[in-house]
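J.: Below is the file final_36.cif, with mmCIF, C-alpha atoms.
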data_structure
loop_
_atom_site.label_atom_id
_atom_site.label_comp_id
_atom_site.auth_asym_id
_atom_site.auth_seq_id
_atom_site.Cartn_x
_atom_site.Cartn_y
_atom_site.Cartn_z
CA MET A 1 87.28 117.50 149.01
CA LEU A 2 89.40 119.65 146.70
CA ASN A 3 87.46 122.44 145.04
CA LEU A 4 88.85 122.67 141.50
CA PHE A 5 87.32 126.09 141.03
CA ALA A 6 88.88 127.59 144.14
CA THR A 7 92.54 126.80 143.62
CA PRO A 8 95.36 129.03 144.92
CA HIS A 9 96.24 132.05 142.81
CA SER A 10 99.64 130.50 141.99
CA LEU A 11 97.86 127.81 139.97
CA LEU A 12 96.04 130.40 137.84
CA THR A 13 99.12 131.97 136.25
CA MET A 14 98.94 129.68 133.22
CA ARG A 15 97.16 130.86 130.12
CA ILE A 16 95.59 129.25 127.10
CA THR A 17 95.38 131.32 123.93
CA CYS A 18 92.70 129.83 121.73
CA TYR A 19 92.14 130.29 118.00
CA PRO A 20 90.04 130.90 115.92
CA ASP A 21 88.26 132.47 118.92
CA ASN A 22 91.19 134.87 119.47
CA LEU A 23 90.66 134.37 123.20
CA THR A 24 93.17 134.17 126.05
CA LEU A 25 91.97 132.58 129.27
CA GLU A 26 93.47 131.69 132.61
CA ALA A 27 93.86 127.94 132.91
CA ASN A 28 93.58 125.62 135.87
CA PRO A 29 96.31 122.96 135.53
CA LEU A 30 94.20 120.45 137.45
CA LEU A 31 91.63 120.55 134.66
CA THR A 32 91.97 119.29 131.10
CA VAL A 33 92.18 121.75 128.24
CA LEU A 34 88.60 120.82 127.33
CA GLU A 35 87.35 121.57 130.84
CA ASN A 36 89.19 124.90 130.84
CA LEU A 37 87.70 125.87 127.48
CA LEU A 38 84.17 124.92 128.50
CA ARG A 39 84.58 126.77 131.78
CA ALA A 40 85.53 129.91 129.82
CA GLY A 41 82.42 129.63 127.66
CA VAL A 42 84.12 128.19 124.56
CA ARG A 43 81.72 125.69 122.97
CA HIS A 44 84.42 123.16 122.11
CA VAL A 45 83.08 120.01 120.46
CA HIS A 46 83.41 116.75 122.41
CA ALA A 47 80.95 114.31 120.86
CA CYS A 48 81.88 111.37 123.09
CA GLY A 49 81.59 113.38 126.29
CA GLY A 50 85.33 113.75 126.76
CA ASN A 51 86.25 110.06 126.94
CA ALA A 52 88.88 109.85 124.18
CA ALA A 53 86.51 107.87 121.99
CA CYS A 54 85.80 110.22 119.07
CA SER A 55 88.69 112.68 118.49
CA THR A 56 86.28 115.59 117.83
CA CYS A 57 87.96 117.60 120.61
CA ARG A 58 91.31 117.52 118.81
CA ILE A 59 93.46 120.63 119.00
CA LEU A 60 96.59 121.78 117.20
CA ILE A 61 99.30 123.01 119.57
CA LEU A 62 100.79 126.12 117.97
CA GLU A 63 103.06 127.15 120.85
CA GLY A 64 103.96 125.62 124.19
CA SER A 65 103.95 121.94 123.29
CA GLN A 66 106.62 121.46 125.97
CA ASN A 67 104.01 122.63 128.51
CA CYS A 68 101.61 119.79 127.66
CA ARG A 69 101.68 116.75 129.91
CA SER A 70 102.32 113.33 128.37
CA MET A 71 99.45 111.50 126.71
CA THR A 72 97.17 109.41 128.86
CA PRO A 73 96.89 105.73 127.86
CA ALA A 74 93.46 106.44 126.30
CA GLU A 75 94.80 109.33 124.23
CA LYS A 76 97.82 107.31 123.16
CA ARG A 77 95.61 104.47 121.90
CA LEU A 78 93.47 106.83 119.80
CA ALA A 79 96.49 108.77 118.53
CA GLN A 80 98.11 105.54 117.36
CA ARG A 81 94.88 104.37 115.76
CA LEU A 82 94.55 107.62 113.77
CA ASP A 83 98.30 108.15 113.30
CA LEU A 84 97.97 111.65 114.73
CA PRO A 85 101.01 113.95 114.49
CA VAL A 86 102.67 114.79 117.82
CA HIS A 87 101.41 118.39 117.73
CA ILE A 88 97.74 117.32 117.58
CA ARG A 89 96.32 116.46 120.98
CA LEU A 90 92.94 115.57 122.47
CA ALA A 91 91.63 118.44 124.57
CA CYS A 92 89.70 116.04 126.79
CA GLN A 93 92.91 114.29 127.86
CA THR A 94 95.52 117.05 127.79
CA ARG A 95 96.62 118.98 130.88
CA ILE A 96 99.18 121.78 130.83
CA THR A 97 102.04 122.98 133.01
CA GLY A 98 102.52 126.37 131.37
CA ASP A 99 101.23 128.76 128.71
CA VAL A 100 99.87 127.16 125.56
CA THR A 101 98.58 128.53 122.26
CA LEU A 102 96.23 126.23 120.37
CA GLN A 103 93.97 126.04 117.34
CA ARG A 104 90.60 124.34 117.66
CA LEU A 105 90.23 121.98 114.69
CA VAL A 106 86.61 120.84 114.90
CA ILE A 107 84.36 123.88 114.79
CA ASP A 108 80.99 122.95 113.30
CA LYS A 109 78.79 120.03 112.31
CA ALA A 110 80.64 119.49 109.03
CA ASP A 111 83.93 119.19 110.94
CA VAL A 112 82.35 116.65 113.26
CA GLU A 113 81.29 114.52 110.29
CA VAL A 114 84.82 114.67 108.89
CA ALA A 115 86.28 113.65 112.25
CA GLN A 116 83.87 110.72 112.58
CA HIS A 117 84.63 109.65 109.02
CA GLN A 118 88.36 109.70 109.78
CA LEU A 119 87.75 107.64 112.91
CA GLN A 120 85.99 105.00 110.78
CA ALA A 121 88.90 105.01 108.33
CA HIS A 122 91.42 104.75 111.18
CA SER A 123 93.34 107.68 109.69
CA VAL A 124 93.28 111.47 109.54
CA GLY A 125 95.49 111.44 106.49
CA SER A 126 99.08 110.36 106.10
CA GLN A 127 102.03 111.19 103.87
CA VAL A 128 103.88 108.42 102.08
CA THR A 129 106.43 108.20 99.31
CA ALA A 130 105.04 106.37 96.30
CA ALA A 131 105.22 106.00 92.55
CA ILE A 132 102.20 107.69 90.98
CA LEU A 133 100.83 106.42 87.67
CA SER A 134 98.37 108.76 85.95
CA ALA A 135 96.48 107.22 83.03
CA SER A 136 93.95 108.67 80.61
CA LEU A 137 92.05 107.07 77.76
CA ARG A 138 91.76 109.49 74.85
CA GLY A 139 89.89 109.50 71.56
CA THR A 140 86.55 108.90 73.26
CA ALA A 141 85.22 112.47 73.36
CA ASN A 142 82.49 111.66 70.83
CA PHE A 143 82.56 107.91 71.31
CA ASP A 144 78.96 107.83 72.48
CA GLU A 145 77.86 109.78 69.38
CA GLU A 146 79.53 107.48 66.87
CA ASN A 147 78.82 104.13 68.52
CA PHE A 148 75.93 102.20 69.96
CA PRO A 149 75.55 102.19 73.77
CA TYR A 150 76.82 98.62 74.03
CA ASP A 151 80.01 99.58 72.18
CA VAL A 152 80.74 102.31 74.67
CA VAL A 153 79.95 100.19 77.70
CA TYR A 154 81.99 97.26 76.44
CA THR A 155 85.03 99.24 75.30
CA LEU A 156 85.31 101.39 78.40
CA GLY A 157 84.23 98.59 80.72
CA ARG A 158 86.93 96.31 79.41
CA TYR A 159 89.54 99.05 79.78
CA PHE A 160 88.68 99.77 83.41
CA THR A 161 88.46 96.08 84.25
CA GLN A 162 91.85 95.42 82.70
CA MET A 163 93.36 98.43 84.43
CA GLY A 164 92.14 97.37 87.87
CA ALA A 165 93.47 93.86 87.37
CA LEU A 166 96.87 94.96 86.04
CA VAL A 167 97.41 97.60 88.73
CA GLN A 168 96.64 95.08 91.44
CA GLN A 169 98.75 92.41 89.74
CA HIS A 170 101.80 94.68 89.86
CA GLY A 171 101.38 95.63 93.53
CA GLY A 172 99.50 98.92 93.13
CA VAL A 173 96.20 100.35 94.30
CA LEU A 174 93.74 102.54 92.44
CA ALA A 175 93.21 105.93 94.04
CA ASN A 176 91.57 108.93 92.36
CA GLN A 177 89.18 108.50 89.45
CA SER A 178 87.88 111.39 87.35
CA GLY A 179 86.10 110.49 84.14
CA LEU A 180 88.59 108.68 81.93
CA ARG A 181 91.59 109.67 84.03
CA SER A 182 92.74 107.22 86.69
CA LEU A 183 95.44 107.40 89.34
CA ALA A 184 97.28 104.40 90.75
CA LEU A 185 99.83 104.27 93.56
CA PHE A 186 102.71 101.83 93.87
CA GLY A 187 105.10 101.06 96.70
CA LEU A 188 102.75 101.45 99.66
CA LYS A 189 103.78 98.00 100.90
CA GLN A 190 107.13 97.60 99.11
CA PRO A 191 108.66 101.08 98.77
CA GLU A 192 111.84 99.72 97.20
CA LEU A 193 109.81 98.34 94.25
CA ALA A 194 107.55 101.37 93.75
CA VAL A 195 108.98 102.74 90.49
CA GLN A 196 109.61 99.34 88.93
CA GLN A 197 106.04 98.21 89.68
CA ALA A 198 104.58 101.40 88.21
CA LEU A 199 106.66 101.00 85.04
CA GLN A 200 105.62 97.38 84.61
CA ALA A 201 101.96 98.23 85.16
CA GLY A 202 102.17 101.06 82.63
CA LEU A 203 103.69 98.83 79.96
CA ALA A 204 101.09 96.13 80.63
CA LEU A 205 98.32 98.71 80.25
CA GLY A 206 99.81 99.76 76.93
CA GLN A 207 99.73 96.17 75.69
CA SER A 208 96.11 95.82 76.82
CA VAL A 209 95.01 98.95 74.92
CA ALA A 210 96.97 97.87 71.82
CA GLU A 211 95.08 94.56 71.87
CA LEU A 212 91.78 96.39 72.21
CA ASN A 213 92.65 98.70 69.31
CA ARG A 214 93.49 95.77 67.04
CA SER A 215 89.98 94.47 67.55
CA LEU A 216 88.39 97.90 67.06
CA ARG A 217 90.42 98.40 63.89
CA GLN A 218 89.26 95.09 62.44
CA LEU A 219 85.67 96.15 63.08
CA SER A 220 86.20 99.63 61.55
CA TYR A 221 85.54 101.34 64.85
CA PRO A 222 87.40 104.40 66.20
CA GLN A 223 90.55 103.54 68.09
CA VAL A 224 91.55 104.85 71.49
CA LYS A 225 94.82 106.21 72.82
CA LEU A 226 96.35 105.66 76.26
CA THR A 227 98.55 108.38 77.74
CA LEU A 228 100.52 107.68 80.92
CA GLY A 229 102.66 109.71 83.29
CA ILE A 230 104.78 108.33 86.13
CA HIS A 231 106.39 110.30 88.94
CA HIS A 232 107.88 109.32 92.30
CA GLY A 233 107.58 111.45 95.43
CA PRO A 234 105.64 112.26 98.62
CA VAL A 235 101.86 111.82 98.48
CA LEU A 236 99.17 112.79 100.95
CA LEU A 237 96.54 110.08 101.38
CA LEU A 238 93.08 111.03 102.61
CA PRO A 239 89.86 109.02 103.05
CA ILE A 240 87.08 110.94 101.27
CA ASP A 241 84.37 108.34 100.60
CA PRO A 242 81.92 108.04 103.52
CA GLN A 243 80.61 104.77 102.07
CA ASP A 244 84.09 103.24 101.92
CA PRO A 245 86.37 104.69 104.62
CA GLN A 246 89.23 102.41 103.56
CA ARG A 247 89.37 103.93 100.08
CA LEU A 248 92.05 106.61 99.97
CA SER A 249 92.54 109.47 97.54
CA ALA A 250 95.93 110.98 96.76
CA PHE A 251 96.83 114.65 96.78
CA GLY A 252 99.92 116.82 96.62
CA LYS A 253 102.58 118.17 94.30
CA SER A 254 103.76 114.72 93.23
CA VAL A 255 100.25 113.85 92.06
CA ASN A 256 100.14 117.09 90.09
CA VAL A 257 103.45 116.23 88.41
CA ALA A 258 102.20 112.78 87.37
CA THR A 259 98.95 114.14 85.93
CA TRP A 260 100.86 116.90 84.13
CA LEU A 261 103.17 114.30 82.55
CA GLU A 262 100.16 112.35 81.36
CA SER A 263 98.57 115.44 79.81
CA VAL A 264 101.67 116.85 78.05
CA GLU A 265 100.94 117.62 74.39
CA ASP A 266 101.99 114.73 72.19
CA PHE A 267 104.81 115.68 69.82
CA SER A 268 104.08 112.77 67.49
CA GLU A 269 100.41 113.46 66.81
CA GLY A 270 99.22 113.82 63.25
CA GLY A 271 98.23 111.45 60.47
CA GLU A 272 96.77 108.02 60.89
CA GLN A 273 97.36 106.55 64.33
CA THR A 274 99.88 103.72 64.40
CA GLU A 275 100.03 101.06 67.10
CA GLU A 276 102.93 102.85 68.77
CA GLN A 277 101.06 106.15 68.71
CA SER A 278 98.14 104.57 70.54
CA PHE A 279 100.32 104.48 73.67
CA ARG A 280 102.51 107.17 75.21
CA LEU A 281 104.44 106.98 78.46
CA LEU A 282 106.31 109.93 79.95
CA ILE A 283 108.35 109.63 83.14
CA SER A 284 109.92 112.25 85.39
CA ALA A 285 113.64 112.60 86.08
CA ALA A 286 113.11 110.97 89.50
CA VAL A 287 111.62 107.88 87.85
CA TYR A 288 114.30 107.81 85.16
CA ARG A 289 117.08 107.74 87.77
CA ALA A 290 115.39 104.87 89.60
CA VAL A 291 114.99 102.58 86.56
CA GLU A 292 117.74 103.86 84.25
CA GLY A 293 119.33 100.41 84.18
CA GLN A 294 116.14 98.88 82.76
CA LEU A 295 115.77 101.41 79.96
CA LEU A 296 117.75 100.50 76.86
CA GLN A 297 116.90 103.83 75.24
CA VAL A 298 114.67 106.78 76.07
CA GLU A 299 113.65 109.94 74.28
CA PRO A 300 114.56 112.99 76.43
CA LEU A 301 112.24 115.96 76.06
CA SER A 302 112.33 119.52 77.42
CA VAL A 303 108.79 120.58 78.23
CA LYS A 304 107.42 123.76 79.78
CA PRO A 305 104.69 123.12 82.38
CA PHE A 306 103.20 126.51 81.37
CA PRO A 307 104.17 129.13 78.74
CA ASN A 308 106.59 131.30 80.74
CA ALA A 309 108.04 128.51 82.87
CA LYS A 310 111.52 127.04 82.71
CA PRO A 311 111.63 123.82 80.64
CA ILE A 312 111.65 120.56 82.59
CA ARG A 313 113.45 117.45 81.42
CA VAL A 314 111.15 114.46 81.01
CA TYR A 315 111.62 111.15 79.24
CA ARG A 316 109.46 109.26 76.77
CA VAL A 317 109.66 105.49 77.20
CA HIS A 318 109.12 103.16 74.25
CA PRO A 319 107.83 99.69 75.18
CA ASP A 320 110.39 97.84 73.04
CA GLN A 321 113.25 99.71 74.76
CA VAL A 322 112.61 98.40 78.29
CA SER A 323 114.41 95.42 79.81
CA LEU A 324 112.52 94.08 82.80
CA PRO A 325 114.32 92.13 85.56
CA ALA A 326 114.80 88.42 84.87
CA GLY A 327 111.83 86.32 85.78
CA GLU A 328 109.35 89.23 85.61
CA GLU A 329 108.87 89.62 81.89
CA GLU A 330 105.58 87.76 82.04
CA ALA A 331 102.81 88.02 84.55
CA PRO A 332 102.06 84.99 86.75
CA GLU A 333 99.60 82.64 85.11
CA ALA A 334 97.03 83.10 87.88
CA ALA A 335 97.02 86.85 87.40
CA LYS A 336 96.54 86.83 83.62
CA PRO A 337 93.03 87.60 82.38
CA GLU A 338 91.23 84.40 81.55
CA PRO A 339 90.57 83.84 77.81
CA ILE A 340 86.80 84.12 77.77
CA GLY A 341 86.44 84.83 74.07
CA TRP A 342 85.91 88.56 74.50
CA LEU A 343 86.93 89.26 70.88
CA GLU A 344 84.36 86.83 69.58
CA ALA A 345 81.69 88.24 71.89
CA LEU A 346 82.52 91.79 70.86
CA ARG A 347 82.30 90.93 67.16
CA GLU A 348 78.94 89.20 67.60
CA TRP A 349 77.43 92.10 69.51
CA LEU A 350 78.79 94.75 67.17
CA GLN A 351 77.61 92.86 64.11
CA ALA A 352 74.18 92.47 65.72
CA TRP A 353 73.98 96.20 66.48
CA SER A 354 75.08 97.11 62.95
CA ARG A 355 71.93 95.54 61.54
CA PHE A 356 69.71 98.17 63.22
#
Render the structure in this file as structure tokens.
T.:
Amino acid sequence: MLNLFATPHSLLTMRITCYPDNLTLEANPLLTVLENLLRAGVRHVHACGGNAACSTCRILILEGSQNCRSMTPAEKRLAQRLDLPVHIRLACQTRITGDVTLQRLVIDKADVEVAQHQLQAHSVGSQVTAAILSASLRGTANFDEENFPYDVVYTLGRYFTQMGALVQQHGGVLANQSGLRSLALFGLKQPELAVQQALQAGLALGQSVAELNRSLRQLSYPQVKLTLGIHHGPVLLLPIDPQDPQRLSAFGKSVNVATWLESVEDFSEGGEQTEEQSFRLLISAAVYRAVEGQLLQVEPLSVKPFPNAKPIRVYRVHPDQVSLPAGEEEAPEAAKPEPIGWLEALREWLQAWSRF
């Protein structure tokens, strides 16, 4: 029987340099990287016992990827399931033919939990190109001080319900949510329609908030304002909710651009809010180029992202200056919110509350 720990000296000329341990060890090519690390006293995590069933032994190959043998069938199945990049390997399955420098990726208990969470979500994070719609409902800072609890719940509840329905109706998915700011992604399934879908969803949201404001105005209640920003670019998607591994959150520069567009200071503020001022949509140059043919007229603006920065050209879109493709001006009947008499219900409740 072959003694793996008594191999000829010629087999021990290969080395593994391991970070963050800052350790270089002689490697036995007949053993896996995991076995070599454990043999050298490195406590490398392998929750499943080294059977390619958990991915906690994953390593990042910094140098010498050409010296790593091809994936085993078990490693290939897990790598495809998690969409692992080619430079991330499973230590329990990888054998080497030469010197390799690697970074251990799962170090402690918290890392193990992240790895297991990613396994449940079938993804360690992926980059896609999408249209990002950032939306924020403004004018509600003291809403709970000026209105009864039901008013707040109803107004905000209706907004979020409408937003979810309209985003889904136009082919998007809701991602990040922080207070009254929401983020929606478009084009994950139909990349060629990403920008158009985001624009249509934004305009539909504007109509929904205008309708809500008409009711609030009739009832002498404070009105709200919807600000939107749309950008198109690469987005990093990560699962961050342990209770819902399929729910993804978006990160990256493109997300920052969209949220910055949404938060740009409004140049038209001041005086009593008109219906047009209750809705503002700014788009980036990338979005403008993609839907220029659908925009009858836009308002170009030069805006500095911060005081000493170079101005960036952005475009304000007015709802009445957009020409949607034929056949898509109206939403499908099945997707329209059902008329359930929400205006009448709102009036009754508000009138009832006003008697107290």
J.: Show me as number ranges by chain the residues that reach within 10 Å of (103.1, 103.7, 87.3), counting all atoms listed in the file and using the file's own coordinates.
T.: A: 130-135, 167, 170, 172, 183-187, 194-203, 205, 228-232, 258, 281, 283, 287
J.: Take the residues that were just selected and, keeping C-alpha atoms, output them as a PDB file, keeping the file's coordinate frame.
T.:
ATOM      1  CA  ALA A 130     105.040 106.370  96.300  1.00  0.00           C
ATOM      2  CA  ALA A 131     105.220 106.000  92.550  1.00  0.00           C
ATOM      3  CA  ILE A 132     102.200 107.690  90.980  1.00  0.00           C
ATOM      4  CA  LEU A 133     100.830 106.420  87.670  1.00  0.00           C
ATOM      5  CA  SER A 134      98.370 108.760  85.950  1.00  0.00           C
ATOM      6  CA  ALA A 135      96.480 107.220  83.030  1.00  0.00           C
ATOM      7  CA  VAL A 167      97.410  97.600  88.730  1.00  0.00           C
ATOM      8  CA  HIS A 170     101.800  94.680  89.860  1.00  0.00           C
ATOM      9  CA  GLY A 172      99.500  98.920  93.130  1.00  0.00           C
ATOM     10  CA  LEU A 183      95.440 107.400  89.340  1.00  0.00           C
ATOM     11  CA  ALA A 184      97.280 104.400  90.750  1.00  0.00           C
ATOM     12  CA  LEU A 185      99.830 104.270  93.560  1.00  0.00           C
ATOM     13  CA  PHE A 186     102.710 101.830  93.870  1.00  0.00           C
ATOM     14  CA  GLY A 187     105.100 101.060  96.700  1.00  0.00           C
ATOM     15  CA  ALA A 194     107.550 101.370  93.750  1.00  0.00           C
ATOM     16  CA  VAL A 195     108.980 102.740  90.490  1.00  0.00           C
ATOM     17  CA  GLN A 196     109.610  99.340  88.930  1.00  0.00           C
ATOM     18  CA  GLN A 197     106.040  98.210  89.680  1.00  0.00           C
ATOM     19  CA  ALA A 198     104.580 101.400  88.210  1.00  0.00           C
ATOM     20  CA  LEU A 199     106.660 101.000  85.040  1.00  0.00           C
ATOM     21  CA  GLN A 200     105.620  97.380  84.610  1.00  0.00           C
ATOM     22  CA  ALA A 201     101.960  98.230  85.160  1.00  0.00           C
ATOM     23  CA  GLY A 202     102.170 101.060  82.630  1.00  0.00           C
ATOM     24  CA  LEU A 203     103.690  98.830  79.960  1.00  0.00           C
ATOM     25  CA  LEU A 205      98.320  98.710  80.250  1.00  0.00           C
ATOM     26  CA  LEU A 228     100.520 107.680  80.920  1.00  0.00           C
ATOM     27  CA  GLY A 229     102.660 109.710  83.290  1.00  0.00           C
ATOM     28  CA  ILE A 230     104.780 108.330  86.130  1.00  0.00           C
ATOM     29  CA  HIS A 231     106.390 110.300  88.940  1.00  0.00           C
ATOM     30  CA  HIS A 232     107.880 109.320  92.300  1.00  0.00           C
ATOM     31  CA  ALA A 258     102.200 112.780  87.370  1.00  0.00           C
ATOM     32  CA  LEU A 281     104.440 106.980  78.460  1.00  0.00           C
ATOM     33  CA  ILE A 283     108.350 109.630  83.140  1.00  0.00           C
ATOM     34  CA  VAL A 287     111.620 107.880  87.850  1.00  0.00           C
TER      35      VAL A 287
END
J.: Tell me which residues the PyMOL selection byres ((chain A and resi 210-213) around 8) grabs here, as a list in words.
T.: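 Listing what the PyMOL selection byres ((chain A and resi 210-213) around 8) selects in the shown file: Thr155, Gly206, Gln207, Ser208, Val209, Arg214, Ser215, Leu216, Arg217, Gln223, Val224, Glu275, Ser278 and Phe279 of chain A.
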J.: Just the number, please: distance in Å from CA of Cys18 in chain A to CA of Leu102 in chain A, one decimal.
T.: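 Answer for the CA of Cys18 in chain A to CA of Leu102 in chain A separation: 5.2 Å.
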J.: Please list as a ChimeraX atom specification every residue within 6 Å of Thr32 in chain A, counting all atoms listed in the file and excluding residues in the same chain fewer than 5 positions away.
T.: /A:92,94-95
J.: What's the separation between CA of Glu75 in chain A and CA of Val114 in chain A, in Å to one decimal place?
T.: 19.1 Å
J.: Select, from A:Ile16, A:Ala290, A:Val257, A:Leu174, the residue with the minimum atom-to-atom distance to Asp99 in chain A, counting all atoms listed in the file.
T.: A:Ile16
J.: Looking at A:Leu282, A:Leu137, A:Leu23, A:Leu30, which one is nearest to Ser178 in chain A, with distances taken over only C-alpha atoms?
T.: A:Leu137
J.: Using only C-alpha atoms, which residue out of A:Cys57, A:Leu238, A:Val100, A:Ala110 lies closest to Leu38 in chain A?
T.: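 The shortest atom-to-atom distance to Leu38 in chain A comes from A:Cys57.
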J.: Which distance in Å separates CA of Ile61 in chain A and CA of Ala40 in chain A, to one decimal?
T.: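 CA of Ala40 in chain A lies at a distance of 18.5 Å from CA of Ile61 in chain A.
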